[in-house]
file structure.pdb (PDB, N, CA and C atoms and all ligand atoms)
ATOM      1  N   MET X  13      58.225  21.064  35.419  1.00  0.00           N
ATOM      2  CA  MET X  13      58.197  19.790  36.137  1.00  0.00           C
ATOM      3  C   MET X  13      58.163  20.050  37.641  1.00  0.00           C
ATOM      4  N   ALA X  14      57.354  19.282  38.306  1.00  0.00           N
ATOM      5  CA  ALA X  14      57.186  19.498  39.745  1.00  0.00           C
ATOM      6  C   ALA X  14      58.447  19.103  40.505  1.00  0.00           C
ATOM      7  N   VAL X  15      58.564  19.675  41.650  1.00  0.00           N
ATOM      8  CA  VAL X  15      59.686  19.338  42.516  1.00  0.00           C
ATOM      9  C   VAL X  15      59.593  17.870  42.909  1.00  0.00           C
ATOM     10  N   GLN X  16      60.682  17.152  42.710  1.00  0.00           N
ATOM     11  CA  GLN X  16      60.720  15.741  43.099  1.00  0.00           C
ATOM     12  C   GLN X  16      61.677  15.611  44.275  1.00  0.00           C
ATOM     13  N   LEU X  17      61.131  15.673  45.471  1.00  0.00           N
ATOM     14  CA  LEU X  17      61.969  15.537  46.653  1.00  0.00           C
ATOM     15  C   LEU X  17      61.519  14.327  47.452  1.00  0.00           C
ATOM     16  N   ASP X  18      62.473  13.698  48.095  1.00  0.00           N
ATOM     17  CA  ASP X  18      62.157  12.608  48.997  1.00  0.00           C
ATOM     18  C   ASP X  18      61.232  13.151  50.087  1.00  0.00           C
ATOM     19  N   PRO X  19      60.061  12.529  50.253  1.00  0.00           N
ATOM     20  CA  PRO X  19      59.124  13.027  51.275  1.00  0.00           C
ATOM     21  C   PRO X  19      59.757  13.118  52.652  1.00  0.00           C
ATOM     22  N   GLN X  20      60.661  12.194  52.947  1.00  0.00           N
ATOM     23  CA  GLN X  20      61.329  12.234  54.254  1.00  0.00           C
ATOM     24  C   GLN X  20      62.246  13.440  54.348  1.00  0.00           C
ATOM     25  N   LEU X  21      62.862  13.797  53.211  1.00  0.00           N
ATOM     26  CA  LEU X  21      63.719  14.978  53.200  1.00  0.00           C
ATOM     27  C   LEU X  21      62.863  16.227  53.389  1.00  0.00           C
ATOM     28  N   LEU X  22      61.766  16.277  52.657  1.00  0.00           N
ATOM     29  CA  LEU X  22      60.881  17.421  52.762  1.00  0.00           C
ATOM     30  C   LEU X  22      60.384  17.593  54.197  1.00  0.00           C
ATOM     31  N   GLU X  23      60.225  16.434  54.873  1.00  0.00           N
ATOM     32  CA  GLU X  23      59.707  16.465  56.236  1.00  0.00           C
ATOM     33  C   GLU X  23      60.679  17.126  57.205  1.00  0.00           C
ATOM     34  N   ILE X  24      61.966  16.954  56.968  1.00  0.00           N
ATOM     35  CA  ILE X  24      62.943  17.505  57.914  1.00  0.00           C
ATOM     36  C   ILE X  24      63.406  18.897  57.521  1.00  0.00           C
ATOM     37  N   LEU X  25      63.079  19.303  56.297  1.00  0.00           N
ATOM     38  CA  LEU X  25      63.462  20.649  55.888  1.00  0.00           C
ATOM     39  C   LEU X  25      62.567  21.668  56.576  1.00  0.00           C
ATOM     40  N   ALA X  26      63.142  22.808  56.882  1.00  0.00           N
ATOM     41  CA  ALA X  26      62.360  23.873  57.498  1.00  0.00           C
ATOM     42  C   ALA X  26      62.824  25.206  56.926  1.00  0.00           C
ATOM     43  N   CYS X  27      61.900  26.130  56.899  1.00  0.00           N
ATOM     44  CA  CYS X  27      62.213  27.468  56.425  1.00  0.00           C
ATOM     45  C   CYS X  27      63.194  28.138  57.390  1.00  0.00           C
ATOM     46  N   PRO X  28      64.161  28.879  56.863  1.00  0.00           N
ATOM     47  CA  PRO X  28      65.095  29.592  57.739  1.00  0.00           C
ATOM     48  C   PRO X  28      64.492  30.832  58.397  1.00  0.00           C
ATOM     49  N   CYS X  29      63.213  31.064  58.201  1.00  0.00           N
ATOM     50  CA  CYS X  29      62.586  32.220  58.836  1.00  0.00           C
ATOM     51  C   CYS X  29      62.398  31.955  60.337  1.00  0.00           C
ATOM     52  N   ASP X  30      61.935  32.935  61.058  1.00  0.00           N
ATOM     53  CA  ASP X  30      61.818  32.826  62.508  1.00  0.00           C
ATOM     54  C   ASP X  30      60.928  31.666  62.943  1.00  0.00           C
ATOM     55  N   GLU X  31      59.932  31.362  62.126  1.00  0.00           N
ATOM     56  CA  GLU X  31      58.993  30.299  62.492  1.00  0.00           C
ATOM     57  C   GLU X  31      59.561  28.905  62.292  1.00  0.00           C
ATOM     58  N   HIS X  32      60.613  28.795  61.440  1.00  0.00           N
ATOM     59  CA  HIS X  32      61.160  27.484  61.069  1.00  0.00           C
ATOM     60  C   HIS X  32      60.025  26.531  60.693  1.00  0.00           C
ATOM     61  N   ALA X  33      59.154  27.019  59.863  1.00  0.00           N
ATOM     62  CA  ALA X  33      57.948  26.286  59.495  1.00  0.00           C
ATOM     63  C   ALA X  33      58.260  25.256  58.422  1.00  0.00           C
ATOM     64  N   PRO X  34      57.408  24.237  58.310  1.00  0.00           N
ATOM     65  CA  PRO X  34      57.577  23.248  57.244  1.00  0.00           C
ATOM     66  C   PRO X  34      57.391  23.875  55.866  1.00  0.00           C
ATOM     67  N   LEU X  35      57.938  23.178  54.886  1.00  0.00           N
ATOM     68  CA  LEU X  35      57.867  23.655  53.504  1.00  0.00           C
ATOM     69  C   LEU X  35      56.993  22.732  52.683  1.00  0.00           C
ATOM     70  N   GLU X  36      56.367  23.319  51.661  1.00  0.00           N
ATOM     71  CA  GLU X  36      55.544  22.542  50.747  1.00  0.00           C
ATOM     72  C   GLU X  36      56.120  22.659  49.351  1.00  0.00           C
ATOM     73  N   ALA X  37      56.066  21.538  48.604  1.00  0.00           N
ATOM     74  CA  ALA X  37      56.545  21.571  47.223  1.00  0.00           C
ATOM     75  C   ALA X  37      55.589  22.389  46.373  1.00  0.00           C
ATOM     76  N   GLY X  38      56.152  23.158  45.447  1.00  0.00           N
ATOM     77  CA  GLY X  38      55.329  23.968  44.574  1.00  0.00           C
ATOM     78  C   GLY X  38      54.949  25.279  45.234  1.00  0.00           C
ATOM     79  N   SER X  39      54.295  26.128  44.469  1.00  0.00           N
ATOM     80  CA  SER X  39      53.844  27.403  45.008  1.00  0.00           C
ATOM     81  C   SER X  39      52.318  27.420  45.016  1.00  0.00           C
ATOM     82  N   PRO X  40      51.724  28.343  45.776  1.00  0.00           N
ATOM     83  CA  PRO X  40      50.259  28.344  45.901  1.00  0.00           C
ATOM     84  C   PRO X  40      49.535  28.414  44.560  1.00  0.00           C
ATOM     85  N   ASP X  41      50.115  29.153  43.612  1.00  0.00           N
ATOM     86  CA  ASP X  41      49.425  29.309  42.329  1.00  0.00           C
ATOM     87  C   ASP X  41      49.935  28.353  41.266  1.00  0.00           C
ATOM     88  N   ASP X  42      50.964  27.571  41.580  1.00  0.00           N
ATOM     89  CA  ASP X  42      51.511  26.632  40.607  1.00  0.00           C
ATOM     90  C   ASP X  42      52.134  25.450  41.349  1.00  0.00           C
ATOM     91  N   ALA X  43      51.339  24.410  41.520  1.00  0.00           N
ATOM     92  CA  ALA X  43      51.791  23.256  42.288  1.00  0.00           C
ATOM     93  C   ALA X  43      52.963  22.551  41.620  1.00  0.00           C
ATOM     94  N   ALA X  44      53.183  22.855  40.329  1.00  0.00           N
ATOM     95  CA  ALA X  44      54.262  22.197  39.606  1.00  0.00           C
ATOM     96  C   ALA X  44      55.529  23.045  39.540  1.00  0.00           C
ATOM     97  N   ALA X  45      55.519  24.177  40.233  1.00  0.00           N
ATOM     98  CA  ALA X  45      56.679  25.059  40.202  1.00  0.00           C
ATOM     99  C   ALA X  45      57.860  24.419  40.922  1.00  0.00           C
ATOM    100  N   ASP X  46      59.060  24.716  40.432  1.00  0.00           N
ATOM    101  CA  ASP X  46      60.268  24.172  41.052  1.00  0.00           C
ATOM    102  C   ASP X  46      60.673  25.024  42.255  1.00  0.00           C
ATOM    103  N   VAL X  47      59.792  25.122  43.192  1.00  0.00           N
ATOM    104  CA  VAL X  47      60.067  25.893  44.399  1.00  0.00           C
ATOM    105  C   VAL X  47      59.486  25.165  45.610  1.00  0.00           C
ATOM    106  N   LEU X  48      59.991  25.540  46.770  1.00  0.00           N
ATOM    107  CA  LEU X  48      59.386  25.105  48.025  1.00  0.00           C
ATOM    108  C   LEU X  48      58.799  26.347  48.686  1.00  0.00           C
ATOM    109  N   THR X  49      57.585  26.233  49.155  1.00  0.00           N
ATOM    110  CA  THR X  49      56.917  27.377  49.763  1.00  0.00           C
ATOM    111  C   THR X  49      56.793  27.172  51.265  1.00  0.00           C
ATOM    112  N   CYS X  50      57.173  28.187  52.026  1.00  0.00           N
ATOM    113  CA  CYS X  50      57.045  28.129  53.474  1.00  0.00           C
ATOM    114  C   CYS X  50      55.570  28.248  53.850  1.00  0.00           C
ATOM    115  N   THR X  51      55.140  27.389  54.779  1.00  0.00           N
ATOM    116  CA  THR X  51      53.733  27.407  55.170  1.00  0.00           C
ATOM    117  C   THR X  51      53.432  28.539  56.144  1.00  0.00           C
ATOM    118  N   ALA X  52      54.482  29.208  56.634  1.00  0.00           N
ATOM    119  CA  ALA X  52      54.248  30.297  57.584  1.00  0.00           C
ATOM    120  C   ALA X  52      54.429  31.657  56.916  1.00  0.00           C
ATOM    121  N   CYS X  53      55.612  31.916  56.370  1.00  0.00           N
ATOM    122  CA  CYS X  53      55.891  33.250  55.850  1.00  0.00           C
ATOM    123  C   CYS X  53      55.581  33.355  54.363  1.00  0.00           C
ATOM    124  N   GLY X  54      55.399  32.226  53.689  1.00  0.00           N
ATOM    125  CA  GLY X  54      55.033  32.267  52.282  1.00  0.00           C
ATOM    126  C   GLY X  54      56.195  32.499  51.339  1.00  0.00           C
ATOM    127  N   ARG X  55      57.416  32.608  51.878  1.00  0.00           N
ATOM    128  CA  ARG X  55      58.577  32.744  50.992  1.00  0.00           C
ATOM    129  C   ARG X  55      58.687  31.495  50.133  1.00  0.00           C
ATOM    130  N   ARG X  56      59.191  31.699  48.903  1.00  0.00           N
ATOM    131  CA  ARG X  56      59.384  30.574  48.005  1.00  0.00           C
ATOM    132  C   ARG X  56      60.871  30.389  47.745  1.00  0.00           C
ATOM    133  N   PHE X  57      61.335  29.160  47.908  1.00  0.00           N
ATOM    134  CA  PHE X  57      62.752  28.873  47.749  1.00  0.00           C
ATOM    135  C   PHE X  57      62.961  28.070  46.476  1.00  0.00           C
ATOM    136  N   PRO X  58      63.889  28.519  45.628  1.00  0.00           N
ATOM    137  CA  PRO X  58      64.131  27.793  44.380  1.00  0.00           C
ATOM    138  C   PRO X  58      64.753  26.432  44.640  1.00  0.00           C
ATOM    139  N   VAL X  59      64.434  25.478  43.773  1.00  0.00           N
ATOM    140  CA  VAL X  59      65.058  24.159  43.822  1.00  0.00           C
ATOM    141  C   VAL X  59      65.915  24.040  42.566  1.00  0.00           C
ATOM    142  N   VAL X  60      67.222  23.982  42.774  1.00  0.00           N
ATOM    143  CA  VAL X  60      68.163  23.964  41.659  1.00  0.00           C
ATOM    144  C   VAL X  60      68.781  22.581  41.542  1.00  0.00           C
ATOM    145  N   ASP X  61      68.567  21.934  40.409  1.00  0.00           N
ATOM    146  CA  ASP X  61      69.087  20.581  40.192  1.00  0.00           C
ATOM    147  C   ASP X  61      68.680  19.643  41.327  1.00  0.00           C
ATOM    148  N   GLY X  62      67.453  19.817  41.813  1.00  0.00           N
ATOM    149  CA  GLY X  62      66.946  18.933  42.860  1.00  0.00           C
ATOM    150  C   GLY X  62      67.406  19.317  44.251  1.00  0.00           C
ATOM    151  N   ILE X  63      68.194  20.385  44.348  1.00  0.00           N
ATOM    152  CA  ILE X  63      68.687  20.808  45.662  1.00  0.00           C
ATOM    153  C   ILE X  63      67.945  22.070  46.088  1.00  0.00           C
ATOM    154  N   PRO X  64      67.168  21.993  47.165  1.00  0.00           N
ATOM    155  CA  PRO X  64      66.486  23.200  47.629  1.00  0.00           C
ATOM    156  C   PRO X  64      67.479  24.219  48.185  1.00  0.00           C
ATOM    157  N   VAL X  65      67.338  25.437  47.744  1.00  0.00           N
ATOM    158  CA  VAL X  65      68.225  26.515  48.195  1.00  0.00           C
ATOM    159  C   VAL X  65      67.503  27.276  49.304  1.00  0.00           C
ATOM    160  N   LEU X  66      67.773  26.862  50.544  1.00  0.00           N
ATOM    161  CA  LEU X  66      67.042  27.435  51.669  1.00  0.00           C
ATOM    162  C   LEU X  66      67.812  28.607  52.271  1.00  0.00           C
ATOM    163  N   LEU X  67      67.963  29.646  51.471  1.00  0.00           N
ATOM    164  CA  LEU X  67      68.641  30.857  51.916  1.00  0.00           C
ATOM    165  C   LEU X  67      67.662  32.018  51.802  1.00  0.00           C
ATOM    166  N   LEU X  68      67.544  32.780  52.877  1.00  0.00           N
ATOM    167  CA  LEU X  68      66.627  33.917  52.832  1.00  0.00           C
ATOM    168  C   LEU X  68      67.020  34.882  51.713  1.00  0.00           C
ATOM    169  N   ASP X  69      68.334  35.002  51.462  1.00  0.00           N
ATOM    170  CA  ASP X  69      68.788  35.910  50.410  1.00  0.00           C
ATOM    171  C   ASP X  69      68.352  35.445  49.030  1.00  0.00           C
ATOM    172  N   GLU X  70      68.132  34.134  48.869  1.00  0.00           N
ATOM    173  CA  GLU X  70      67.768  33.595  47.564  1.00  0.00           C
ATOM    174  C   GLU X  70      66.262  33.412  47.427  1.00  0.00           C
ATOM    175  N   ALA X  71      65.552  33.575  48.526  1.00  0.00           N
ATOM    176  CA  ALA X  71      64.119  33.300  48.511  1.00  0.00           C
ATOM    177  C   ALA X  71      63.357  34.367  47.743  1.00  0.00           C
ATOM    178  N   LEU X  72      62.275  33.912  47.119  1.00  0.00           N
ATOM    179  CA  LEU X  72      61.360  34.859  46.508  1.00  0.00           C
ATOM    180  C   LEU X  72      60.381  35.303  47.591  1.00  0.00           C
ATOM    181  N   PRO X  73      60.055  36.584  47.613  1.00  0.00           N
ATOM    182  CA  PRO X  73      59.118  37.048  48.641  1.00  0.00           C
ATOM    183  C   PRO X  73      57.754  36.399  48.479  1.00  0.00           C
ATOM    184  N   ALA X  74      56.986  36.421  49.545  1.00  0.00           N
ATOM    185  CA  ALA X  74      55.650  35.846  49.496  1.00  0.00           C
ATOM    186  C   ALA X  74      54.834  36.529  48.419  1.00  0.00           C
ATOM    187  N   GLU X  75      53.927  35.755  47.826  1.00  0.00           N
ATOM    188  CA  GLU X  75      53.037  36.319  46.817  1.00  0.00           C
ATOM    189  C   GLU X  75      52.198  37.422  47.445  1.00  0.00           C
ATOM    190  N   PRO X  76      52.175  38.573  46.806  1.00  0.00           N
ATOM    191  CA  PRO X  76      51.302  39.619  47.348  1.00  0.00           C
ATOM    192  C   PRO X  76      49.852  39.180  47.248  1.00  0.00           C
ATOM    193  N   LYS X  77      49.125  39.472  48.283  1.00  0.00           N
ATOM    194  CA  LYS X  77      47.715  39.104  48.255  1.00  0.00           C
ATOM    195  C   LYS X  77      46.979  39.935  47.216  1.00  0.00           C
ATOM    196  N   ALA X  78      46.103  39.287  46.493  1.00  0.00           N
ATOM    197  CA  ALA X  78      45.331  40.004  45.491  1.00  0.00           C
ATOM    198  C   ALA X  78      44.453  41.041  46.186  1.00  0.00           C
ATOM    199  N   PRO X  79      44.400  42.201  45.622  1.00  0.00           N
ATOM    200  CA  PRO X  79      43.541  43.222  46.229  1.00  0.00           C
ATOM    201  C   PRO X  79      42.083  42.769  46.235  1.00  0.00           C
ATOM    202  N   ASP X  80      41.440  43.002  47.333  1.00  0.00           N
ATOM    203  CA  ASP X  80      40.054  42.580  47.470  1.00  0.00           C
ATOM    204  C   ASP X  80      39.148  43.680  46.928  1.00  0.00           C
ATOM    205  N   ASP X  81      38.735  43.476  45.689  1.00  0.00           N
ATOM    206  CA  ASP X  81      37.906  44.510  45.064  1.00  0.00           C
ATOM    207  C   ASP X  81      36.413  44.170  45.170  1.00  0.00           C
ATOM    208  N   GLY X  82      36.131  43.085  45.865  1.00  0.00           N
ATOM    209  CA  GLY X  82      34.736  42.788  46.117  1.00  0.00           C
ATOM    210  C   GLY X  82      34.039  42.059  44.996  1.00  0.00           C
ATOM    211  N   THR X  83      34.783  41.725  43.910  1.00  0.00           N
ATOM    212  CA  THR X  83      34.132  41.050  42.797  1.00  0.00           C
ATOM    213  C   THR X  83      34.169  39.540  42.949  1.00  0.00           C
ATOM    214  N   ALA X  84      35.127  39.046  43.743  1.00  0.00           N
ATOM    215  CA  ALA X  84      35.260  37.609  43.897  1.00  0.00           C
ATOM    216  C   ALA X  84      34.314  37.086  44.974  1.00  0.00           C
ATOM    217  N   GLY X  85      33.874  35.858  44.766  1.00  0.00           N
ATOM    218  CA  GLY X  85      33.044  35.245  45.776  1.00  0.00           C
ATOM    219  C   GLY X  85      31.680  35.816  45.688  1.00  0.00           C
TER     220      GLY X  85
HETATM  221 ZN    ZN X 101      59.164  30.912  56.488  1.00  0.00          ZN
END

call {"tool": "encode", "arguments": {"input": "structure.pdb", "output": "structure tokens", "more": "lines below"}}
Ligand SMILES: [Zn+2]
result
Amino acid sequence: MAVQLDPQLLEILACPCDEHAPLEAGSPDDAAADVLTCTACGRRFPVVDGIPVLLLDEALPAEPKAPDDGTAG
């Protein structure tokens, strides 16, 4: 189930990283994931019982970029 957050709440939330960038619901590869993804560093923060856990220690690292083997595109 997708993250259900008040849009106004999502608007004021910011990543605890140096950029303090806005967060987006879901992850790049799964828009329905129960995570918030930082638009700057790409860290993903779990949402537990509707409460975003904005702790760097709890964050999932950014998705590693797929190796460019030249077959795509
Ligand atoms: Zn960040």

call {"tool": "residues_near_ligand", "arguments": {"input": "structure.pdb", "ligand": "ligand ZN 101 (chain X)", "cutoff": "8 Å", "atoms": "all atoms listed in the file", "output": "list of chain:residue names"}}
result
X:Ala26, X:Cys27, X:Pro28, X:Cys29, X:Asp30, X:Glu31, X:His32, X:Ala33, X:Pro34, X:Leu35, X:Thr49, X:Cys50, X:Thr51, X:Ala52, X:Cys53, X:Gly54, X:Arg55, X:Arg56

call {"tool": "select_by_dssp", "arguments": {"input": "structure.pdb", "residues": "chain X", "states": "strand (DSSP E or B)", "output": "ChimeraX atom specification"}}
result
/X:26,34-37,39,42,47-50,56-60,63-64,72

call {"tool": "axis_aligned_box", "arguments": {"input": "structure.pdb", "around": "stretch 17-36 of chain X", "padding_each_side": "6 Å", "output": "JSON"}}
result
{"center_x": 60.3, "center_y": 22.6, "center_z": 54.2, "size_x": 21.6, "size_y": 32.7, "size_z": 29.5}

call {"tool": "closest_residue", "arguments": {"input": "structure.pdb", "among": "X:Ala74, X:Val60, X:Leu48, X:Leu66", "to": "X:Glu36", "atoms": "all atoms listed in the file"}}
result
X:Leu48

call {"tool": "resolve_selection", "arguments": {"input": "structure.pdb", "expression": "the PyMOL selection byres (((chain X and resi 58 and name CA) around 7) and not hetatm and name CA)", "output": "list in words"}}
result
Asp46, Val47, Leu48, Arg56, Phe57, Val59, Val60, Pro64, Val65 and Ala71 of chain X

call {"tool": "write_last_selection", "arguments": {"input": "structure.pdb", "atoms": "N, CA and C atoms", "output": "compact mmCIF listing (two decimals), keeping the file's coordinate frame"}}
result
# COMPACT_ATOMS: atom_id res chain seq x y z
N ASP X 46 59.06 24.72 40.43
CA ASP X 46 60.27 24.17 41.05
C ASP X 46 60.67 25.02 42.26
N VAL X 47 59.79 25.12 43.19
CA VAL X 47 60.07 25.89 44.40
C VAL X 47 59.49 25.16 45.61
N LEU X 48 59.99 25.54 46.77
CA LEU X 48 59.39 25.10 48.02
C LEU X 48 58.80 26.35 48.69
N ARG X 56 59.19 31.70 48.90
CA ARG X 56 59.38 30.57 48.00
C ARG X 56 60.87 30.39 47.74
N PHE X 57 61.34 29.16 47.91
CA PHE X 57 62.75 28.87 47.75
C PHE X 57 62.96 28.07 46.48
N VAL X 59 64.43 25.48 43.77
CA VAL X 59 65.06 24.16 43.82
C VAL X 59 65.92 24.04 42.57
N VAL X 60 67.22 23.98 42.77
CA VAL X 60 68.16 23.96 41.66
C VAL X 60 68.78 22.58 41.54
N PRO X 64 67.17 21.99 47.16
CA PRO X 64 66.49 23.20 47.63
C PRO X 64 67.48 24.22 48.18
N VAL X 65 67.34 25.44 47.74
CA VAL X 65 68.22 26.52 48.20
C VAL X 65 67.50 27.28 49.30
N ALA X 71 65.55 33.58 48.53
CA ALA X 71 64.12 33.30 48.51
C ALA X 71 63.36 34.37 47.74

call {"tool": "residues_around", "arguments": {"input": "structure.pdb", "residues": "X:Ala45", "least_positions_apart": "5", "cutoff": "10 Å", "atoms": "only C-alpha atoms", "output": "CSV table (one decimal) with N, CA and C atoms, in the frame of the given file"}}
result
chain,number,residue,atom,x,y,z
X,13,MET,N,58.2,21.1,35.4
X,13,MET,CA,58.2,19.8,36.1
X,13,MET,C,58.2,20.0,37.6
X,14,ALA,N,57.4,19.3,38.3
X,14,ALA,CA,57.2,19.5,39.7
X,14,ALA,C,58.4,19.1,40.5
X,15,VAL,N,58.6,19.7,41.6
X,15,VAL,CA,59.7,19.3,42.5
X,15,VAL,C,59.6,17.9,42.9
X,37,ALA,N,56.1,21.5,48.6
X,37,ALA,CA,56.5,21.6,47.2
X,37,ALA,C,55.6,22.4,46.4
X,38,GLY,N,56.2,23.2,45.4
X,38,GLY,CA,55.3,24.0,44.6
X,38,GLY,C,54.9,25.3,45.2
X,39,SER,N,54.3,26.1,44.5
X,39,SER,CA,53.8,27.4,45.0
X,39,SER,C,52.3,27.4,45.0
X,40,PRO,N,51.7,28.3,45.8
X,40,PRO,CA,50.3,28.3,45.9
X,40,PRO,C,49.5,28.4,44.6
X,56,ARG,N,59.2,31.7,48.9
X,56,ARG,CA,59.4,30.6,48.0
X,56,ARG,C,60.9,30.4,47.7
X,58,PRO,N,63.9,28.5,45.6
X,58,PRO,CA,64.1,27.8,44.4
X,58,PRO,C,64.8,26.4,44.6
X,59,VAL,N,64.4,25.5,43.8
X,59,VAL,CA,65.1,24.2,43.8
X,59,VAL,C,65.9,24.0,42.6
